[in-house]
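These notes concern the structure reproduced below.
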Amino acid sequence: MINNDPRFINNGIEIPTAGGYADQPSIVALSDGTFVCATTTGTGEEGAKGQYVSVMRSTDGGRSWSEGTLVEDPAWESAYAVLVADRFDRIYCLYNYNLDHYKISEFDCHRLDMGGTYCMRYSDDKGLSWSERILVDVGITALDRQYPYFPGDGSKQYRFMWNVARPFIHGDDLYIMVGKPFLGIKKLYGNLETSRGVLLVARGIVQDPHAPFVTLPEGGRELLPRPGDRITEEHCCVRLSDGTLFVTSRTESGYPLVFVSHDDGRSFTDGFLPQHIGGQTVKQPRAANFLWKLKNGRYLYWFHNAGNMGYDFRMPAWCCPAFETDTPAGKELVYGQPEILFYHTGDRLSISYPDLIEHEGRLLITETQKQVARIHTVSRRLQDALLHQDTVCARLAGISMDELAHSGMPAQQYSKVNHSDREEWKEIPVDSGTAWLVEGCFEKSGSVFCAYDRRRGGFRMNVTEDGTLCCFAAGEAANFTLESSIPVCDGKKHHIAWITDAAACISYLVIDGIFDNGGAVYECGWRFVPRQLSCFRAVTEVRFGKGVSNVRLIPHAILTADAIGDWRAGM
């Protein structure tokens, strides 16, 4: 398959790893343009004996990488390294290490990579060499006292802890979240039976790399799951403009969980569910969801935009902006609308554990599927869409309602045959797809538009008896249905964008500038488009329903931000 879309993960640049396991590519960009990246790797699978941390360097913007430098002896498990650089280009590497050389056979659990001793090393020569190991004191909390895991002689507890999200430095202080899991007995899958979080802060570490870490919140407390849930893990923290600490984590409920501290981590709110602008609750499977603070003070959020309650549904990866909002207690974040960030042809492939850097005005993001780690440059068009979603205001040109009524719908080509490609003989243009933009006042059980012929296929949109939308598209041998959760029959004029992105094979609705994520009706608001749906034939007759005032057909895919801008311009 020929696909030049920068969002297609195969088009990224591979970050080399030693074996069949490649996890958590954590990356920093130094003042001279050098990139330093740490990965967890090994010849086995995740959690296998002998996995270790490897650190690589790139001096050409991530196009090529040096051989890996080992942080610890690979004979004993080291894992889940995260990097952060201070204003003097000193790099700090924090990671787990089986310092006491325990063996899995001595325990009732099947993996030792998620604990041991929490360690740090630092580099003052751009990652070429590293300091002696520094032991990080992670405070004892309630969950530590429940661990039944001891070596055979009962002399010492093996503590479980890990981190996957980037730390940050504010002033001279380093902040890093640490999760504390409770691992089930010999359970290969679903092994994290409960998990909680704490914040570590090393005050003055920029001046003294041996500065001690304190564990917050105070009083040995933890960031706890919501009632009825067992999990809050893989915490990611950003600092807002007023000093508020805003933390997101994954759960097993189908939603992320957020904690807020207005006193620099000494205490946190109970966990609550974040929302998109417009009121829809953010959806997320049990997968990494990270917040990044950019140099210009804006925020981006990586997530998967589906309410699956397991480890699955990590494809595609989505991204949305987040915006500061005022509350009586201080600043918090509210999330914007999702854009497709990365995808692959393997629908169940897990794209996760990303990191982000800014380099020469561009956003670069790493990701992994646990087998291949890559670095990607976000396209200028997508970057601009994410950074200006709150201000974009532009009417989109397309085939007008009058043209459609007079001449019908022209053929829509999603992919082309290319016999030079031995794999699939398929070429996918970057912007292939269709967008229908519809405005009007709608009635229940009515038609919105119909560009559909039973023999030739096409597109049609109806209003259900519940007042929501039902969209149907069919080609020669494939079709799909997309239903909304947002009602549109309230006597008001509405703006509907039905977007089908044929490169990513995703279709979704943006209603009055709000991405319909399924709400409380569906776990997932968007739908996969069959890859066999390569084209739509022309339809000679296009009909419009009562109350429809404007329809435009755009014969290519658009972004969520484009739909928002069109809605905002129409207001």
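Residue numbers start at 1 in each chain; chains themselves are named A, B, ... in the order of the structure tokens; ligands are numbered from 1 in the order shown.
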
Can you list every residue in segment 476-531 of chain A that DSSP puts in strand (DSSP E or B), as a PyMOL selection string?
chain A and resi 479-483+494-501+506-511+514-515+527-528

Using the chain letters and numbers from this document, which residues of segment 399-432 of chain A does DSSP assign to alpha helix (DSSP H), as a list in words?
Met401, Asp402, Glu403, Leu404, Ala405, His406 and Ser407 of chain A

Which residues are near Thr391 of chain A? Cut-off 12 Å, only C-alpha atoms, ignore same chain within fewer than 5 positions. Put them as a VMD selection string.
chain A and resid 321 336 384 to 386 513 561 to 562 564 to 569

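Atom CA of Ser58 of chain A lies 25.7 Å from atom CA of Ile134 of chain A.
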
For segment 537-549 of chain A, find every residue with an atom within 10 Å (counting only C-alpha atoms), except residues of its own chain fewer than 3 positions away, and show them as a ChimeraX atom specification.
/A:401-413,438-443,446-453,455-463,474-476,493-494

List every residue of segment 288-318 of chain A that has an atom at most 12 Å from any atom of segment 233-247 of chain A, giving for each one its closest atom pair and the distance in Å to one decimal, counting only C-alpha atoms, sorted by chain and then by ascending residue number, as CSV.
```
residue,atom,partner,partner_atom,distance
A:Ala288,CA,A:Glu234,CA,6.4
A:Asn289,CA,A:Cys236,CA,7.8
A:Phe290,CA,A:Cys236,CA,5.8
A:Leu291,CA,A:Cys236,CA,6.5
A:Trp292,CA,A:Val238,CA,7.0
A:Lys293,CA,A:Val238,CA,6.6
A:Leu294,CA,A:Val238,CA,10.3
A:Asn296,CA,A:Ser241,CA,11.2
A:Gly297,CA,A:Ser241,CA,7.8
A:Arg298,CA,A:Leu240,CA,9.5
A:Tyr299,CA,A:Val238,CA,8.9
A:Leu300,CA,A:Val238,CA,10.6
A:Tyr301,CA,A:Cys236,CA,10.4
A:Trp302,CA,A:Cys236,CA,10.9
```

Take the selection from the previous step and output its residues with C-alpha atoms, as a JSON list (two decimals), in the first residue's frame.
```json
[["chain", "number", "residue", "atom", "x", "y", "z"],
["A", 288, "ALA", "CA", -1.89, 6.08, 28.34],
["A", 289, "ASN", "CA", -3.49, 9.50, 28.12],
["A", 290, "PHE", "CA", -0.97, 12.32, 28.39],
["A", 291, "LEU", "CA", -1.06, 16.09, 28.68],
["A", 292, "TRP", "CA", 1.76, 18.18, 27.21],
["A", 293, "LYS", "CA", 2.41, 21.83, 27.97],
["A", 294, "LEU", "CA", 3.89, 23.67, 24.99],
["A", 296, "ASN", "CA", 3.67, 29.02, 24.19],
["A", 297, "GLY", "CA", 1.66, 27.99, 27.27],
["A", 298, "ARG", "CA", -0.91, 25.95, 25.34],
["A", 299, "TYR", "CA", -1.75, 22.31, 26.10],
["A", 300, "LEU", "CA", -2.25, 19.20, 23.99],
["A", 301, "TYR", "CA", -3.87, 15.97, 25.12],
["A", 302, "TRP", "CA", -3.14, 12.47, 23.70]]
```

Per-residue nearest contacts segment 286-392 of chain A to segment 516-536 of chain A, cut-off 10 Å, using only C-alpha atoms, as a Markdown table:
```
| residue | atom | partner | partner_atom | distance |
| --- | --- | --- | --- | --- |
| A:His304 | CA | A:Cys524 | CA | 9.9 |
| A:Asn305 | CA | A:Asn517 | CA | 7.1 |
| A:Ala306 | CA | A:Cys524 | CA | 4.7 |
| A:Gly307 | CA | A:Glu523 | CA | 4.6 |
| A:Asn308 | CA | A:Glu523 | CA | 6.4 |
| A:Met309 | CA | A:Glu523 | CA | 9.2 |
| A:Phe313 | CA | A:Cys524 | CA | 9.9 |
| A:Pro316 | CA | A:Phe528 | CA | 9.9 |
| A:Gln337 | CA | A:Asp516 | CA | 9.1 |
| A:Pro338 | CA | A:Asn517 | CA | 9.1 |
| A:Thr345 | CA | A:Arg531 | CA | 8.7 |
| A:Asp347 | CA | A:Phe528 | CA | 8.5 |
```

Take the residues just selected and output them with C-alpha atoms as a CSV table (one decimal), in the first residue's frame.
```csv
chain,number,residue,atom,x,y,z
A,304,HIS,CA,-8.0,7.3,22.2
A,305,ASN,CA,-11.5,8.8,22.2
A,306,ALA,CA,-13.4,5.6,23.0
A,307,GLY,CA,-15.0,4.3,26.1
A,308,ASN,CA,-13.7,0.7,26.0
A,309,MET,CA,-13.0,-0.5,29.5
A,313,PHE,CA,-8.9,0.3,21.4
A,316,PRO,CA,-6.2,5.3,16.2
A,337,GLN,CA,-12.4,18.6,20.1
A,338,PRO,CA,-10.5,15.5,18.8
A,345,THR,CA,-4.1,-0.5,8.8
A,347,ASP,CA,-7.4,-2.0,13.4
```

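Minimum atom-to-atom distances from A:Phe303, A:Val334, A:Lys295, A:Ala394 to Leu363 of chain A were compared using only C-alpha atoms, and the lowest value belongs to A:Lys295.
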
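The nearest approach to Thr17 of chain A among the residues A:Thr141, A:Thr368, A:Ser485, A:Ser123, with only C-alpha atoms taken into account, belongs to A:Thr368.
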
Residues within 12 Å of segment 167-169 of chain A, please, as a PyMOL selection string. Count only C-alpha atoms; anything in the same chain fewer than 3 positions from it doesn't count.
chain A and resi 26-28+81-95+163-164+172-178+199-206+235-239+245+247+290-294+355

Write to file, as an mmCIF file, in the first residue's frame, the residues of the selection just made, with C-alpha atoms.
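Done, and the output landed in selection.cif:
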```cif
data_model
loop_
_atom_site.group_PDB
_atom_site.id
_atom_site.type_symbol
_atom_site.label_atom_id
_atom_site.label_comp_id
_atom_site.auth_asym_id
_atom_site.auth_seq_id
_atom_site.Cartn_x
_atom_site.Cartn_y
_atom_site.Cartn_z
ATOM 1 C CA SER A 26 10.876 9.255 26.140
ATOM 2 C CA ILE A 27 12.614 12.144 24.389
ATOM 3 C CA VAL A 28 14.177 15.550 25.132
ATOM 4 C CA ALA A 81 12.782 5.399 31.917
ATOM 5 C CA VAL A 82 11.609 8.989 31.485
ATOM 6 C CA LEU A 83 13.831 11.931 30.595
ATOM 7 C CA VAL A 84 13.638 15.611 31.447
ATOM 8 C CA ALA A 85 16.163 18.384 30.743
ATOM 9 C CA ASP A 86 16.725 21.568 32.740
ATOM 10 C CA ARG A 87 17.659 25.015 31.428
ATOM 11 C CA PHE A 88 21.369 24.124 31.539
ATOM 12 C CA ASP A 89 20.872 21.043 29.305
ATOM 13 C CA ARG A 90 21.433 18.630 32.156
ATOM 14 C CA ILE A 91 19.325 15.526 31.446
ATOM 15 C CA TYR A 92 17.742 13.553 34.268
ATOM 16 C CA CYS A 93 16.803 9.907 33.647
ATOM 17 C CA LEU A 94 14.427 8.274 36.150
ATOM 18 C CA TYR A 95 13.638 4.560 35.947
ATOM 19 C CA ASN A 163 6.079 5.994 35.741
ATOM 20 C CA VAL A 164 5.385 6.426 32.033
ATOM 21 C CA ASP A 172 14.806 24.620 40.208
ATOM 22 C CA ASP A 173 12.348 21.850 41.195
ATOM 23 C CA LEU A 174 11.627 18.532 39.479
ATOM 24 C CA TYR A 175 8.117 17.018 39.560
ATOM 25 C CA ILE A 176 7.346 13.413 38.627
ATOM 26 C CA MET A 177 4.273 11.222 39.103
ATOM 27 C CA VAL A 178 4.717 7.646 40.318
ATOM 28 C CA LEU A 199 3.753 12.919 43.292
ATOM 29 C CA LEU A 200 7.505 13.171 43.899
ATOM 30 C CA VAL A 201 9.143 16.606 44.073
ATOM 31 C CA ALA A 202 12.880 17.276 44.323
ATOM 32 C CA ARG A 203 13.243 20.900 45.416
ATOM 33 C CA GLY A 204 16.404 22.624 44.217
ATOM 34 C CA ILE A 205 17.567 19.716 42.058
ATOM 35 C CA VAL A 206 18.808 22.046 39.309
ATOM 36 C CA HIS A 235 -0.505 9.593 35.927
ATOM 37 C CA CYS A 236 0.601 12.618 33.916
ATOM 38 C CA CYS A 237 0.973 16.066 35.499
ATOM 39 C CA VAL A 238 1.200 19.583 34.057
ATOM 40 C CA ARG A 239 1.520 22.909 35.852
ATOM 41 C CA LEU A 245 -1.115 21.003 39.243
ATOM 42 C CA VAL A 247 -3.099 15.362 36.732
ATOM 43 C CA PHE A 290 -0.971 12.316 28.391
ATOM 44 C CA LEU A 291 -1.061 16.091 28.678
ATOM 45 C CA TRP A 292 1.760 18.177 27.212
ATOM 46 C CA LYS A 293 2.406 21.832 27.969
ATOM 47 C CA LEU A 294 3.893 23.670 24.992
ATOM 48 C CA ASP A 355 6.233 11.764 24.073
#
```
